[in-house]
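Asks: Here it is, the structure in full.
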Amino acid sequence: METKKFTRKELAERNSRNDAVFIIDNQVYDVTKFLDDHPGGHEVLIGVAGKDATENFEDVGHSLDAKELMQKFLIGELVDEDKTNVKKRNINWSAGDTAAESTSFTSSWKFPVLLGIIMTVLYTYLFG
Ligand code: HEM
């Protein structure tokens, strides 16, 4: 199947109940026929129609089933100039909520582990 290319600008107008299209991870989905079948309701889909719905989609934490289902509505992708860097976003996503948080000592796994060791040693000294 050939991949059709869209610009963000031309998609911006396709935001109605009769023509609902949005972008997730640089891929373009036409959900016009899916509006009434979406378990999350048609309002949310129309709300992001014409826009980049990547974050909204991820925020819901859609199931694998949902991700499989969405392939049925794929109609193409963004032109290269309009693409965002998906890889970078995914890396940020898996590394933690924000860069500042993931590097802070108290929020890393080391802090609770160290605390556990200190408590164990203290306990043995006091009550052992
Ligand atoms: C083609 C794209 C999409 C497909 C195929 C899809 C499919 C689904 C499915 C199957 C569910 C049921 C729960 C699950 O299996 O995860 C669901 C729930 C939901 N979806 Fe989507 N969805 C899409 C896009 C979106 C977008 C863009 C948004 C937000 C703007 C959204 C918001 C929600 C919400 C709020 C729920 C309800 C969650 C709940 O009740 O716990 N969905 N969707």
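Identifiers for the structure tokens are assigned positionally: chains receive A, B, ... in sequence, residues are indexed from 1 per chain, and ligands are indexed from 1 in the order shown.
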Can you list, as a PDB file with N, CA, C and O atoms, in the first residue's frame, every protein, DNA or RNA residue that comes within 9 Å of stretch 75-88 of chain A when you count only C-alpha atoms, leaving out same-chain residues fewer than 3 positions away?

Replies:
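around_34.pdb was written with the following content:
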ATOM      1  N   GLU A   2       0.553   2.181  -0.849  1.00  0.00           N
ATOM      2  CA  GLU A   2       1.332   3.421  -0.879  1.00  0.00           C
ATOM      3  C   GLU A   2       1.017   4.252   0.367  1.00  0.00           C
ATOM      4  O   GLU A   2      -0.075   4.176   0.914  1.00  0.00           O
ATOM      5  N   THR A   3       1.998   5.038   0.783  1.00  0.00           N
ATOM      6  CA  THR A   3       1.773   5.888   1.940  1.00  0.00           C
ATOM      7  C   THR A   3       1.448   7.291   1.475  1.00  0.00           C
ATOM      8  O   THR A   3       2.251   7.919   0.796  1.00  0.00           O
ATOM      9  N   LYS A   4       0.270   7.740   1.857  1.00  0.00           N
ATOM     10  CA  LYS A   4      -0.122   9.088   1.486  1.00  0.00           C
ATOM     11  C   LYS A   4       0.507  10.072   2.465  1.00  0.00           C
ATOM     12  O   LYS A   4       0.619   9.785   3.651  1.00  0.00           O
ATOM     13  N   LYS A   5       0.918  11.228   1.964  1.00  0.00           N
ATOM     14  CA  LYS A   5       1.570  12.229   2.807  1.00  0.00           C
ATOM     15  C   LYS A   5       0.656  13.427   3.020  1.00  0.00           C
ATOM     16  O   LYS A   5       0.024  13.891   2.084  1.00  0.00           O
ATOM     17  N   PHE A   6       0.610  13.878   4.259  1.00  0.00           N
ATOM     18  CA  PHE A   6      -0.234  15.022   4.599  1.00  0.00           C
ATOM     19  C   PHE A   6       0.603  16.109   5.273  1.00  0.00           C
ATOM     20  O   PHE A   6       1.615  15.807   5.893  1.00  0.00           O
ATOM     21  N   THR A   7       0.126  17.352   5.160  1.00  0.00           N
ATOM     22  CA  THR A   7       0.746  18.421   5.940  1.00  0.00           C
ATOM     23  C   THR A   7      -0.145  18.704   7.137  1.00  0.00           C
ATOM     24  O   THR A   7      -1.355  18.466   7.092  1.00  0.00           O
ATOM     25  N   ARG A   8       0.452  19.210   8.225  1.00  0.00           N
ATOM     26  CA  ARG A   8      -0.337  19.541   9.413  1.00  0.00           C
ATOM     27  C   ARG A   8      -1.399  20.585   9.058  1.00  0.00           C
ATOM     28  O   ARG A   8      -2.492  20.571   9.601  1.00  0.00           O
ATOM     29  N   ILE A  23      -3.396  13.112  14.175  1.00  0.00           N
ATOM     30  CA  ILE A  23      -2.029  12.612  14.037  1.00  0.00           C
ATOM     31  C   ILE A  23      -1.600  11.934  15.341  1.00  0.00           C
ATOM     32  O   ILE A  23      -1.805  12.476  16.422  1.00  0.00           O
ATOM     33  N   ASP A  25       1.991  10.040  16.585  1.00  0.00           N
ATOM     34  CA  ASP A  25       3.358   9.628  16.220  1.00  0.00           C
ATOM     35  C   ASP A  25       3.638   9.793  14.721  1.00  0.00           C
ATOM     36  O   ASP A  25       4.161   8.874  14.074  1.00  0.00           O
ATOM     37  N   ASN A  26       3.278  10.942  14.200  1.00  0.00           N
ATOM     38  CA  ASN A  26       3.518  11.299  12.793  1.00  0.00           C
ATOM     39  C   ASN A  26       2.682  10.506  11.794  1.00  0.00           C
ATOM     40  O   ASN A  26       2.808  10.694  10.591  1.00  0.00           O
ATOM     41  N   GLN A  27       1.849   9.600  12.296  1.00  0.00           N
ATOM     42  CA  GLN A  27       0.973   8.834  11.420  1.00  0.00           C
ATOM     43  C   GLN A  27      -0.399   9.507  11.420  1.00  0.00           C
ATOM     44  O   GLN A  27      -0.814  10.066  12.433  1.00  0.00           O
ATOM     45  N   VAL A  28      -1.080   9.415  10.293  1.00  0.00           N
ATOM     46  CA  VAL A  28      -2.372  10.100  10.165  1.00  0.00           C
ATOM     47  C   VAL A  28      -3.513   9.075  10.169  1.00  0.00           C
ATOM     48  O   VAL A  28      -3.464   8.079   9.447  1.00  0.00           O
ATOM     49  N   TYR A  29      -4.496   9.332  11.034  1.00  0.00           N
ATOM     50  CA  TYR A  29      -5.614   8.403  11.187  1.00  0.00           C
ATOM     51  C   TYR A  29      -6.936   9.095  10.863  1.00  0.00           C
ATOM     52  O   TYR A  29      -7.179  10.204  11.316  1.00  0.00           O
ATOM     53  N   ASP A  30      -7.768   8.404  10.098  1.00  0.00           N
ATOM     54  CA  ASP A  30      -9.114   8.903   9.799  1.00  0.00           C
ATOM     55  C   ASP A  30     -10.098   8.111  10.650  1.00  0.00           C
ATOM     56  O   ASP A  30     -10.337   6.927  10.407  1.00  0.00           O
ATOM     57  N   GLN A  71      -4.665   0.688  13.680  1.00  0.00           N
ATOM     58  CA  GLN A  71      -4.036   0.467  12.372  1.00  0.00           C
ATOM     59  C   GLN A  71      -5.085   0.436  11.254  1.00  0.00           C
ATOM     60  O   GLN A  71      -4.785   0.722  10.106  1.00  0.00           O
ATOM     61  N   LYS A  72      -6.314   0.068  11.624  1.00  0.00           N
ATOM     62  CA  LYS A  72      -7.394   0.018  10.639  1.00  0.00           C
ATOM     63  C   LYS A  72      -7.750   1.402  10.103  1.00  0.00           C
ATOM     64  O   LYS A  72      -8.359   1.535   9.054  1.00  0.00           O
ATOM     65  N   ILE A  91      12.104   8.066  24.182  1.00  0.00           N
ATOM     66  CA  ILE A  91      13.191   7.900  25.147  1.00  0.00           C
ATOM     67  C   ILE A  91      12.873   8.692  26.407  1.00  0.00           C
ATOM     68  O   ILE A  91      12.965   8.175  27.512  1.00  0.00           O
ATOM     69  N   ASN A  92      12.431   9.917  26.226  1.00  0.00           N
ATOM     70  CA  ASN A  92      12.049  10.734  27.385  1.00  0.00           C
ATOM     71  C   ASN A  92      10.953  10.063  28.190  1.00  0.00           C
ATOM     72  O   ASN A  92      10.971  10.069  29.408  1.00  0.00           O
ATOM     73  N   TRP A  93      10.043   9.484  27.463  1.00  0.00           N
ATOM     74  CA  TRP A  93       8.904   8.844  28.099  1.00  0.00           C
ATOM     75  C   TRP A  93       9.369   7.709  29.016  1.00  0.00           C
ATOM     76  O   TRP A  93       8.957   7.591  30.156  1.00  0.00           O
TER      77      TRP A  93
END

Asks: Ligand 1: which residues are within 9 Å, counting only C-alpha atoms and all ligand atoms? Reply as a ChimeraX atom specification.

Replies: /A:22-24,29-31,34,37-49,52-74

Asks: Taking only chain A into account, list the residues labelled helix (DSSP H, G or I) by DSSP (computed from the backbone), as a PyMOL selection string.

Replies: chain A and resi 8-11+35-37+42-48+54-60+64-73+80-82+86-95+99-103+105-107+110-127

Asks: Based on DSSP run over this structure's backbone, return all residues of chain A in strand (DSSP E), as number ranges by chain.

Replies: A: 5-6, 15-16, 19-24, 27-30, 74-78
